[in-house]
Structure formats: structure tokens, C-alpha cells
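Participant: To be precise about what I am sending: the file is called start_5.cif and holds mmCIF, N, CA, C and O atoms and all ligand atoms.
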data_protein
#
loop_
_atom_site.label_atom_id
_atom_site.label_comp_id
_atom_site.auth_asym_id
_atom_site.auth_seq_id
_atom_site.Cartn_x
_atom_site.Cartn_y
_atom_site.Cartn_z
N MET Q 1 -12.01 -18.28 -4.33
CA MET Q 1 -12.75 -17.65 -5.41
C MET Q 1 -11.99 -17.70 -6.73
O MET Q 1 -12.51 -17.29 -7.75
N SER Q 2 -10.77 -18.19 -6.70
CA SER Q 2 -9.93 -18.10 -7.89
C SER Q 2 -10.42 -19.00 -9.01
O SER Q 2 -10.09 -18.80 -10.16
N ASN Q 3 -11.22 -20.04 -8.67
CA ASN Q 3 -11.69 -20.93 -9.72
C ASN Q 3 -12.99 -20.46 -10.36
O ASN Q 3 -13.61 -21.16 -11.13
N ILE Q 4 -13.42 -19.26 -10.02
CA ILE Q 4 -14.61 -18.69 -10.65
C ILE Q 4 -14.20 -17.85 -11.85
O ILE Q 4 -13.35 -16.97 -11.74
N LYS Q 5 -14.79 -18.15 -12.99
CA LYS Q 5 -14.56 -17.27 -14.13
C LYS Q 5 -15.90 -16.82 -14.68
O LYS Q 5 -16.93 -17.45 -14.44
N ILE Q 6 -15.87 -15.72 -15.40
CA ILE Q 6 -17.10 -15.15 -15.94
C ILE Q 6 -17.10 -15.36 -17.45
O ILE Q 6 -16.15 -14.98 -18.13
N ALA Q 7 -18.14 -16.02 -17.95
CA ALA Q 7 -18.26 -16.25 -19.38
C ALA Q 7 -19.73 -16.40 -19.75
O ALA Q 7 -20.55 -16.83 -18.93
N CYS Q 8 -20.06 -16.06 -21.00
CA CYS Q 8 -21.43 -16.21 -21.48
C CYS Q 8 -21.83 -17.68 -21.44
O CYS Q 8 -21.10 -18.53 -21.95
N PRO Q 9 -22.99 -18.00 -20.84
CA PRO Q 9 -23.43 -19.40 -20.77
C PRO Q 9 -23.77 -19.98 -22.14
O PRO Q 9 -23.80 -21.18 -22.30
N LYS Q 10 -24.02 -19.10 -23.12
CA LYS Q 10 -24.45 -19.60 -24.42
C LYS Q 10 -23.30 -19.74 -25.42
O LYS Q 10 -23.30 -20.66 -26.23
N CYS Q 11 -22.32 -18.82 -25.39
CA CYS Q 11 -21.26 -18.88 -26.40
C CYS Q 11 -19.85 -18.88 -25.81
O CYS Q 11 -18.87 -18.89 -26.54
N ASP Q 12 -19.74 -18.83 -24.48
CA ASP Q 12 -18.44 -18.86 -23.80
C ASP Q 12 -17.61 -17.59 -23.99
O ASP Q 12 -16.42 -17.60 -23.69
N TRP Q 13 -18.21 -16.50 -24.48
CA TRP Q 13 -17.47 -15.24 -24.58
C TRP Q 13 -17.15 -14.73 -23.17
O TRP Q 13 -17.99 -14.77 -22.28
N GLU Q 14 -15.90 -14.32 -22.99
CA GLU Q 14 -15.48 -13.85 -21.67
C GLU Q 14 -15.30 -12.33 -21.67
O GLU Q 14 -14.44 -11.82 -22.37
N PRO Q 15 -16.11 -11.62 -20.88
CA PRO Q 15 -15.97 -10.17 -20.83
C PRO Q 15 -14.69 -9.75 -20.11
O PRO Q 15 -14.16 -10.50 -19.28
N GLU Q 16 -14.20 -8.56 -20.45
CA GLU Q 16 -13.03 -8.02 -19.76
C GLU Q 16 -13.46 -6.87 -18.87
O GLU Q 16 -14.57 -6.36 -18.97
N ALA Q 17 -12.55 -6.45 -18.00
CA ALA Q 17 -12.87 -5.38 -17.04
C ALA Q 17 -13.27 -4.10 -17.75
O ALA Q 17 -14.01 -3.28 -17.21
N SER Q 18 -12.80 -3.94 -18.99
CA SER Q 18 -13.07 -2.70 -19.73
C SER Q 18 -14.41 -2.72 -20.45
O SER Q 18 -14.82 -1.72 -21.03
N ASP Q 19 -15.09 -3.87 -20.47
CA ASP Q 19 -16.37 -3.95 -21.16
C ASP Q 19 -17.46 -3.23 -20.37
O ASP Q 19 -17.43 -3.19 -19.15
N ARG Q 20 -18.42 -2.66 -21.10
CA ARG Q 20 -19.46 -1.85 -20.48
C ARG Q 20 -20.85 -2.28 -20.94
O ARG Q 20 -21.04 -2.65 -22.08
N TRP Q 21 -21.81 -2.21 -20.02
CA TRP Q 21 -23.21 -2.45 -20.34
C TRP Q 21 -23.98 -1.16 -20.10
O TRP Q 21 -23.61 -0.38 -19.21
N GLN Q 22 -25.04 -0.94 -20.87
CA GLN Q 22 -25.82 0.28 -20.69
C GLN Q 22 -27.15 -0.01 -20.02
O GLN Q 22 -27.89 -0.91 -20.42
N CYS Q 23 -27.44 0.77 -19.00
CA CYS Q 23 -28.72 0.67 -18.28
C CYS Q 23 -29.79 1.45 -19.02
O CYS Q 23 -29.48 2.31 -19.85
N SER Q 24 -31.05 1.18 -18.69
CA SER Q 24 -32.15 1.94 -19.30
C SER Q 24 -32.10 3.40 -18.86
O SER Q 24 -32.73 4.26 -19.49
N CYS Q 25 -31.35 3.73 -17.80
CA CYS Q 25 -31.22 5.13 -17.37
C CYS Q 25 -30.12 5.85 -18.13
O CYS Q 25 -29.92 7.05 -17.96
N GLY Q 26 -29.37 5.11 -18.98
CA GLY Q 26 -28.34 5.72 -19.79
C GLY Q 26 -26.94 5.53 -19.24
O GLY Q 26 -25.95 5.78 -19.92
N HIS Q 27 -26.82 5.09 -18.00
CA HIS Q 27 -25.52 4.90 -17.38
C HIS Q 27 -24.82 3.67 -17.97
O HIS Q 27 -25.46 2.66 -18.24
N THR Q 28 -23.50 3.75 -18.18
CA THR Q 28 -22.75 2.58 -18.64
C THR Q 28 -21.73 2.20 -17.58
O THR Q 28 -21.08 3.05 -16.97
N TRP Q 29 -21.61 0.90 -17.36
CA TRP Q 29 -20.67 0.39 -16.35
C TRP Q 29 -20.43 -1.09 -16.60
O TRP Q 29 -21.09 -1.70 -17.43
N ASN Q 30 -19.46 -1.66 -15.89
CA ASN Q 30 -19.23 -3.10 -16.00
C ASN Q 30 -20.16 -3.82 -15.03
O ASN Q 30 -20.00 -3.72 -13.81
N THR Q 31 -21.13 -4.51 -15.59
CA THR Q 31 -22.20 -5.11 -14.78
C THR Q 31 -21.69 -6.18 -13.81
O THR Q 31 -22.32 -6.45 -12.80
N PHE Q 32 -20.52 -6.74 -14.13
CA PHE Q 32 -19.99 -7.78 -13.24
C PHE Q 32 -19.26 -7.19 -12.03
O PHE Q 32 -18.91 -7.90 -11.10
N ASP Q 33 -19.02 -5.88 -12.05
CA ASP Q 33 -18.46 -5.21 -10.87
C ASP Q 33 -19.50 -5.09 -9.77
O ASP Q 33 -19.17 -4.98 -8.59
N THR Q 34 -20.78 -5.09 -10.16
CA THR Q 34 -21.84 -4.80 -9.19
C THR Q 34 -22.86 -5.92 -9.11
O THR Q 34 -23.93 -5.74 -8.52
N GLY Q 35 -22.58 -7.08 -9.70
CA GLY Q 35 -23.52 -8.19 -9.67
C GLY Q 35 -24.81 -7.88 -10.41
O GLY Q 35 -25.87 -8.37 -10.05
N GLY Q 36 -24.72 -7.06 -11.46
CA GLY Q 36 -25.88 -6.80 -12.30
C GLY Q 36 -26.73 -5.61 -11.87
O GLY Q 36 -27.81 -5.40 -12.39
N THR Q 37 -26.25 -4.83 -10.89
CA THR Q 37 -27.02 -3.69 -10.42
C THR Q 37 -26.44 -2.39 -10.96
O THR Q 37 -25.23 -2.15 -10.82
N CYS Q 38 -27.28 -1.56 -11.55
CA CYS Q 38 -26.81 -0.26 -12.05
C CYS Q 38 -26.41 0.60 -10.86
O CYS Q 38 -27.21 0.83 -9.96
N PRO Q 39 -25.17 1.11 -10.84
CA PRO Q 39 -24.71 1.91 -9.69
C PRO Q 39 -25.39 3.28 -9.62
O PRO Q 39 -25.35 3.93 -8.59
N LYS Q 40 -26.02 3.70 -10.73
CA LYS Q 40 -26.62 5.04 -10.73
C LYS Q 40 -28.07 5.02 -10.26
O LYS Q 40 -28.44 5.72 -9.33
N CYS Q 41 -28.91 4.16 -10.90
CA CYS Q 41 -30.34 4.18 -10.55
C CYS Q 41 -30.72 2.97 -9.69
O CYS Q 41 -31.86 2.84 -9.29
N LYS Q 42 -29.73 2.09 -9.43
CA LYS Q 42 -29.91 0.90 -8.56
C LYS Q 42 -30.85 -0.14 -9.14
O LYS Q 42 -31.32 -1.02 -8.42
N LYS Q 43 -31.13 -0.04 -10.45
CA LYS Q 43 -31.94 -1.09 -11.08
C LYS Q 43 -31.14 -2.38 -11.10
O LYS Q 43 -29.97 -2.40 -11.46
N ARG Q 44 -31.79 -3.47 -10.72
CA ARG Q 44 -31.11 -4.75 -10.71
C ARG Q 44 -31.46 -5.51 -11.98
O ARG Q 44 -32.63 -5.79 -12.23
N TRP Q 45 -30.44 -5.82 -12.78
CA TRP Q 45 -30.64 -6.54 -14.03
C TRP Q 45 -30.49 -8.04 -13.76
O TRP Q 45 -29.40 -8.52 -13.49
N LYS Q 46 -31.64 -8.75 -13.84
CA LYS Q 46 -31.62 -10.19 -13.59
C LYS Q 46 -30.92 -10.92 -14.73
O LYS Q 46 -30.30 -11.95 -14.52
N ASP Q 47 -31.05 -10.37 -15.94
CA ASP Q 47 -30.43 -10.98 -17.11
C ASP Q 47 -29.35 -10.05 -17.66
O ASP Q 47 -29.44 -8.83 -17.54
N THR Q 48 -28.34 -10.64 -18.25
CA THR Q 48 -27.23 -9.88 -18.82
C THR Q 48 -27.07 -10.25 -20.28
O THR Q 48 -27.09 -11.44 -20.62
N GLN Q 49 -26.91 -9.23 -21.13
CA GLN Q 49 -26.76 -9.49 -22.56
C GLN Q 49 -25.31 -9.68 -22.93
O GLN Q 49 -24.43 -8.97 -22.46
N CYS Q 50 -25.07 -10.66 -23.78
CA CYS Q 50 -23.75 -10.91 -24.32
C CYS Q 50 -23.46 -9.81 -25.37
O CYS Q 50 -24.33 -9.44 -26.14
N ILE Q 51 -22.25 -9.27 -25.36
CA ILE Q 51 -21.94 -8.13 -26.24
C ILE Q 51 -21.48 -8.62 -27.60
O ILE Q 51 -20.38 -9.13 -27.77
N GLY Q 52 -22.38 -8.46 -28.59
CA GLY Q 52 -22.13 -8.97 -29.93
C GLY Q 52 -20.91 -8.37 -30.61
O GLY Q 52 -20.09 -9.09 -31.16
N TRP Q 53 -20.75 -7.04 -30.53
CA TRP Q 53 -19.66 -6.41 -31.27
C TRP Q 53 -18.30 -6.68 -30.64
O TRP Q 53 -17.26 -6.41 -31.24
N ARG Q 54 -18.29 -7.26 -29.45
CA ARG Q 54 -17.04 -7.64 -28.80
C ARG Q 54 -16.73 -9.12 -29.04
O ARG Q 54 -15.77 -9.66 -28.48
N GLY Q 55 -17.56 -9.78 -29.84
CA GLY Q 55 -17.30 -11.17 -30.15
C GLY Q 55 -18.30 -12.13 -29.53
O GLY Q 55 -18.17 -13.34 -29.66
N GLY Q 56 -19.30 -11.59 -28.83
CA GLY Q 56 -20.30 -12.42 -28.18
C GLY Q 56 -21.47 -12.75 -29.09
O GLY Q 56 -21.44 -12.46 -30.29
N CYS Q 57 -22.53 -13.33 -28.50
CA CYS Q 57 -23.64 -13.84 -29.29
C CYS Q 57 -24.88 -12.94 -29.23
O CYS Q 57 -25.89 -13.25 -29.85
N ASN Q 58 -24.82 -11.84 -28.46
CA ASN Q 58 -25.93 -10.89 -28.36
C ASN Q 58 -27.15 -11.41 -27.60
O ASN Q 58 -28.16 -10.74 -27.52
N GLN Q 59 -27.07 -12.60 -27.04
CA GLN Q 59 -28.24 -13.17 -26.37
C GLN Q 59 -28.22 -12.84 -24.88
O GLN Q 59 -27.17 -12.62 -24.29
N TRP Q 60 -29.43 -12.82 -24.29
CA TRP Q 60 -29.58 -12.56 -22.86
C TRP Q 60 -29.53 -13.87 -22.07
O TRP Q 60 -30.13 -14.85 -22.48
N SER Q 61 -28.85 -13.85 -20.95
CA SER Q 61 -28.81 -15.00 -20.06
C SER Q 61 -28.93 -14.50 -18.62
O SER Q 61 -28.53 -13.37 -18.32
N PRO Q 62 -29.47 -15.34 -17.72
CA PRO Q 62 -29.54 -14.92 -16.31
C PRO Q 62 -28.14 -14.55 -15.80
O PRO Q 62 -27.17 -15.25 -16.08
N HIS Q 63 -28.06 -13.43 -15.09
CA HIS Q 63 -26.75 -12.93 -14.63
C HIS Q 63 -25.95 -14.00 -13.89
O HIS Q 63 -24.75 -14.16 -14.09
N ILE Q 64 -26.64 -14.76 -13.05
CA ILE Q 64 -25.97 -15.76 -12.21
C ILE Q 64 -25.31 -16.85 -13.05
O ILE Q 64 -24.30 -17.43 -12.65
N ASP Q 65 -25.90 -17.12 -14.23
CA ASP Q 65 -25.38 -18.19 -15.08
C ASP Q 65 -24.02 -17.84 -15.69
O ASP Q 65 -23.34 -18.70 -16.23
N TRP Q 66 -23.65 -16.55 -15.65
CA TRP Q 66 -22.36 -16.13 -16.20
C TRP Q 66 -21.19 -16.55 -15.32
O TRP Q 66 -20.05 -16.60 -15.76
N TYR Q 67 -21.47 -16.81 -14.05
CA TYR Q 67 -20.38 -17.16 -13.12
C TYR Q 67 -20.12 -18.65 -13.20
O TYR Q 67 -20.91 -19.46 -12.73
N ARG Q 68 -18.99 -19.00 -13.78
CA ARG Q 68 -18.63 -20.41 -13.92
C ARG Q 68 -17.86 -20.86 -12.67
O ARG Q 68 -17.06 -20.11 -12.12
N GLY Q 69 -18.12 -22.09 -12.28
CA GLY Q 69 -17.39 -22.62 -11.13
C GLY Q 69 -18.11 -22.35 -9.83
O GLY Q 69 -17.63 -22.73 -8.77
N LEU Q 70 -19.27 -21.69 -9.90
CA LEU Q 70 -20.02 -21.38 -8.69
C LEU Q 70 -20.56 -22.65 -8.04
O LEU Q 70 -20.50 -22.82 -6.83
N ASP Q 71 -21.07 -23.57 -8.87
CA ASP Q 71 -21.59 -24.84 -8.34
C ASP Q 71 -20.51 -25.60 -7.60
O ASP Q 71 -20.72 -26.13 -6.52
N GLU Q 72 -19.31 -25.62 -8.20
CA GLU Q 72 -18.20 -26.34 -7.59
C GLU Q 72 -17.82 -25.70 -6.26
O GLU Q 72 -17.53 -26.39 -5.29
N LEU Q 73 -17.84 -24.36 -6.25
CA LEU Q 73 -17.47 -23.64 -5.03
C LEU Q 73 -18.46 -23.96 -3.91
O LEU Q 73 -18.08 -24.22 -2.77
N ILE Q 74 -19.75 -23.98 -4.24
CA ILE Q 74 -20.78 -24.26 -3.24
C ILE Q 74 -20.62 -25.70 -2.73
O ILE Q 74 -20.72 -25.96 -1.54
N LYS Q 75 -20.33 -26.62 -3.65
CA LYS Q 75 -20.11 -28.01 -3.24
C LYS Q 75 -18.94 -28.11 -2.28
O LYS Q 75 -18.98 -28.83 -1.28
N GLU Q 76 -17.86 -27.36 -2.59
CA GLU Q 76 -16.68 -27.34 -1.72
C GLU Q 76 -17.05 -26.82 -0.34
O GLU Q 76 -16.66 -27.38 0.68
N LEU Q 77 -17.85 -25.73 -0.31
CA LEU Q 77 -18.24 -25.13 0.96
C LEU Q 77 -19.08 -26.11 1.77
O LEU Q 77 -18.92 -26.22 2.98
N LEU Q 78 -19.99 -26.83 1.09
CA LEU Q 78 -20.84 -27.80 1.79
C LEU Q 78 -20.00 -28.93 2.36
O LEU Q 78 -20.25 -29.42 3.45
N LYS Q 79 -18.98 -29.34 1.58
CA LYS Q 79 -18.10 -30.41 2.03
C LYS Q 79 -17.39 -30.01 3.32
O LYS Q 79 -17.28 -30.79 4.25
N VAL Q 80 -16.91 -28.75 3.35
CA VAL Q 80 -16.22 -28.25 4.54
C VAL Q 80 -17.15 -28.29 5.74
O VAL Q 80 -16.78 -28.74 6.82
N GLU Q 81 -18.42 -27.87 5.53
CA GLU Q 81 -19.37 -27.86 6.63
C GLU Q 81 -19.65 -29.28 7.14
O GLU Q 81 -19.71 -29.52 8.33
N GLU Q 82 -19.78 -30.21 6.17
CA GLU Q 82 -20.05 -31.59 6.55
C GLU Q 82 -18.94 -32.14 7.43
O GLU Q 82 -19.18 -32.86 8.38
N SER Q 83 -17.69 -31.80 7.09
CA SER Q 83 -16.57 -32.35 7.83
C SER Q 83 -16.46 -31.72 9.22
O SER Q 83 -15.87 -32.29 10.12
N VAL Q 84 -17.04 -30.54 9.39
CA VAL Q 84 -17.01 -29.88 10.70
C VAL Q 84 -17.99 -30.57 11.65
O VAL Q 84 -17.68 -30.78 12.82
N PHE Q 85 -19.16 -30.94 11.10
CA PHE Q 85 -20.16 -31.54 11.99
C PHE Q 85 -20.02 -33.05 12.07
O PHE Q 85 -20.18 -33.75 11.14
ZN ZN R 101 -29.48 2.73 -14.31
ZN ZN R 102 -22.74 -15.12 -25.74
#
Could you spell out this file's structure in C-alpha cells?
Ligand SMILES: [Zn+2]
Ligand SMILES: [Zn+2]

Facilitator:
Amino acid sequence: MSNIKIACPKCDWEPEASDRWQCSCGHTWNTFDTGGTCPKCKKRWKDTQCIGWRGGCNQWSPHIDWYRGLDELIKELLKVEESVF
């Protein structure tokens, strides 16, 4: 998992552990700790907004697109499976 990094798909801004997103219920938390799910009301946010005042672009992107290196990881996993069979 070490080759996975989190960055905005549109502007490459990288959030830090201390960054917070606000849910429509008012709760604030780091959305990447929970895969986009609010820990308080359990609302699942399919899209994640880039934080403008922290240096981002303020645009919304699908949460999954923020995880860089995921495609490569899946390819690696498939390769391992292929070599087993
Ligand atoms: Zn919530
Ligand atoms: Zn951005």
C-alpha cells in the first residue's frame, strides 16, 4: 500500500492528516480516514471537494479518483493471481 498517495485529481493538491471536511450534518473530520463516509451520520460522500483555502482548486472529484497508484496496485494484484494459476 506504500505506493498509494492521496492527491486532488484536478490540481494535485495533497491533503494532510490535519485537514478536515464538513458534512451536511455539521460534523467535521478527515474524509480520507473513512473512505468518504461521515463517522457521525454515516452519509457516504461519493465526491470529495478540494480545499481551496489550503491551496487546492475547490472543485469536486469522485472520492476514488483521489487515490493515486490504485490502478497500479490492482494490476500488481492481478499479476500475482495470474502467476498462481
Ligand atoms: Zn454527517
Ligand atoms: Zn484540487

Participant: Kindly compile the residues surrounding ligand ZN 102 (chain R) within 7 Å, counting all atoms listed in the file, and format them as a list in words.

Facilitator: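 Final answer, ordered by chain and number: Ala7, Cys8, Pro9, Lys10, Cys11, Asp12, Trp13, Gln49, Cys50, Ile51, Gly55, Gly56, Cys57, Asn58 and Gln59 of chain Q.
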
Participant: Identify, on the basis of all atoms listed in the file, every residue whose closest approach to Ala17 of chain Q does not exceed 7 Å; exclude the query and any residue fewer than 3 positions from it along the same chain; express the result as a list in words.

Facilitator: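 The neighbour list is Arg20, Trp29 and Asn30 of chain Q.
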
Participant: Show me, as JSON lines, the residues of chain Q having an atom within 6 Å of ligand ZN 101 (chain R), each with the closest atom pair and its distance in Å, using only C-alpha atoms and all ligand atoms.

Facilitator:
{"residue": "Q:Cys23", "atom": "CA", "partner": "R:ZN101", "partner_atom": "ZN", "distance": 4.5}
{"residue": "Q:Ser24", "atom": "CA", "partner": "R:ZN101", "partner_atom": "ZN", "distance": 5.7}
{"residue": "Q:Cys25", "atom": "CA", "partner": "R:ZN101", "partner_atom": "ZN", "distance": 4.3}
{"residue": "Q:His27", "atom": "CA", "partner": "R:ZN101", "partner_atom": "ZN", "distance": 5.5}
{"residue": "Q:Cys38", "atom": "CA", "partner": "R:ZN101", "partner_atom": "ZN", "distance": 4.6}
{"residue": "Q:Lys40", "atom": "CA", "partner": "R:ZN101", "partner_atom": "ZN", "distance": 5.1}
{"residue": "Q:Cys41", "atom": "CA", "partner": "R:ZN101", "partner_atom": "ZN", "distance": 4.1}
{"residue": "Q:Lys43", "atom": "CA", "partner": "R:ZN101", "partner_atom": "ZN", "distance": 5.6}

Participant: One decimal, in Å: what's the spacing between atom C of Thr28 of chain Q and atom O of Leu70 of chain Q?

Facilitator: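 Between these atoms lies a distance of 27.3 Å.
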
Participant: Could you pull out the alpha helix (DSSP H) residues of chain Q, going by DSSP on the backbone, and write them as a list in words?

Facilitator: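 Listing alpha helix (DSSP H) positions across chain Q yields Leu70, Asp71, Glu72, Leu73, Ile74, Lys75, Glu76, Leu77, Leu78, Lys79, Val80, Glu81, Glu82, Ser83 and Val84 of chain Q.
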
Participant: Between atom C of Glu14 of chain Q and atom N of Leu78 of chain Q, what distance in Å does the model show, to one decimal?

Facilitator: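 A separation of 27.4 Å between them.
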
Participant: Could you extract segment 23-34 of chain Q of the given structure into a file holding all heavy atoms, as a short mmCIF file (atom, residue, chain, number, x, y, z; two decimals), in the first residue's frame?

Facilitator:
data_model
loop_
_atom_site.label_atom_id
_atom_site.label_comp_id
_atom_site.auth_asym_id
_atom_site.auth_seq_id
_atom_site.Cartn_x
_atom_site.Cartn_y
_atom_site.Cartn_z
N CYS Q 23 -19.45 17.75 6.84
CA CYS Q 23 -20.63 17.03 6.35
C CYS Q 23 -21.84 17.95 6.42
O CYS Q 23 -21.83 18.96 7.12
CB CYS Q 23 -20.85 15.80 7.23
SG CYS Q 23 -22.25 14.79 6.70
N SER Q 24 -22.90 17.56 5.70
CA SER Q 24 -24.14 18.35 5.76
C SER Q 24 -24.76 18.28 7.15
O SER Q 24 -25.62 19.10 7.50
CB SER Q 24 -25.13 17.85 4.70
OG SER Q 24 -25.24 16.44 4.75
N CYS Q 25 -24.34 17.33 7.99
CA CYS Q 25 -24.86 17.24 9.37
C CYS Q 25 -24.08 18.15 10.31
O CYS Q 25 -24.43 18.27 11.48
CB CYS Q 25 -24.81 15.80 9.87
SG CYS Q 25 -23.15 15.21 10.31
N GLY Q 26 -23.01 18.78 9.80
CA GLY Q 26 -22.24 19.71 10.62
C GLY Q 26 -20.96 19.12 11.17
O GLY Q 26 -20.10 19.84 11.67
N HIS Q 27 -20.81 17.81 11.11
CA HIS Q 27 -19.62 17.15 11.63
C HIS Q 27 -18.41 17.43 10.73
O HIS Q 27 -18.53 17.45 9.51
CB HIS Q 27 -19.87 15.64 11.72
CG HIS Q 27 -18.77 14.88 12.39
ND1 HIS Q 27 -18.51 15.01 13.73
CD2 HIS Q 27 -17.87 14.00 11.90
CE1 HIS Q 27 -17.48 14.24 14.04
NE2 HIS Q 27 -17.07 13.61 12.96
N THR Q 28 -17.24 17.64 11.33
CA THR Q 28 -16.02 17.80 10.54
C THR Q 28 -15.06 16.67 10.87
O THR Q 28 -14.89 16.28 12.02
CB THR Q 28 -15.32 19.15 10.80
OG1 THR Q 28 -15.04 19.28 12.18
CG2 THR Q 28 -16.18 20.32 10.35
N TRP Q 29 -14.42 16.14 9.83
CA TRP Q 29 -13.48 15.03 10.01
C TRP Q 29 -12.61 14.92 8.76
O TRP Q 29 -12.85 15.58 7.76
CB TRP Q 29 -14.25 13.73 10.27
CG TRP Q 29 -14.71 13.00 9.02
CD1 TRP Q 29 -14.26 11.80 8.55
CD2 TRP Q 29 -15.71 13.42 8.06
NE1 TRP Q 29 -14.91 11.46 7.38
CE2 TRP Q 29 -15.79 12.44 7.06
CE3 TRP Q 29 -16.53 14.55 7.94
CZ2 TRP Q 29 -16.65 12.54 5.97
CZ3 TRP Q 29 -17.39 14.66 6.85
CH2 TRP Q 29 -17.46 13.66 5.89
N ASN Q 30 -11.58 14.08 8.84
CA ASN Q 30 -10.75 13.84 7.65
C ASN Q 30 -11.40 12.73 6.83
O ASN Q 30 -11.43 11.57 7.24
CB ASN Q 30 -9.33 13.44 8.05
CG ASN Q 30 -8.43 13.34 6.82
OD1 ASN Q 30 -8.80 12.78 5.79
ND2 ASN Q 30 -7.25 13.90 6.92
N THR Q 31 -11.92 13.11 5.68
CA THR Q 31 -12.72 12.19 4.87
C THR Q 31 -11.93 10.99 4.36
O THR Q 31 -12.49 9.95 4.07
CB THR Q 31 -13.39 12.96 3.70
OG1 THR Q 31 -14.35 12.13 3.07
CG2 THR Q 31 -12.39 13.45 2.67
N PHE Q 32 -10.60 11.15 4.31
CA PHE Q 32 -9.78 10.04 3.82
C PHE Q 32 -9.51 9.00 4.91
O PHE Q 32 -9.00 7.92 4.64
CB PHE Q 32 -8.49 10.56 3.20
CG PHE Q 32 -8.76 11.35 1.95
CD1 PHE Q 32 -8.75 12.74 1.98
CD2 PHE Q 32 -9.10 10.71 0.77
CE1 PHE Q 32 -9.05 13.47 0.85
CE2 PHE Q 32 -9.40 11.43 -0.37
CZ PHE Q 32 -9.37 12.82 -0.34
N ASP Q 33 -9.84 9.34 6.16
CA ASP Q 33 -9.75 8.35 7.24
C ASP Q 33 -10.86 7.31 7.13
O ASP Q 33 -10.73 6.19 7.63
CB ASP Q 33 -9.87 9.04 8.61
CG ASP Q 33 -8.58 9.76 8.99
OD1 ASP Q 33 -7.55 9.54 8.32
OD2 ASP Q 33 -8.62 10.55 9.94
N THR Q 34 -11.97 7.71 6.49
CA THR Q 34 -13.16 6.84 6.50
C THR Q 34 -13.61 6.49 5.09
O THR Q 34 -14.71 5.98 4.91
CB THR Q 34 -14.32 7.56 7.23
OG1 THR Q 34 -14.60 8.78 6.54
CG2 THR Q 34 -13.97 7.86 8.67
#
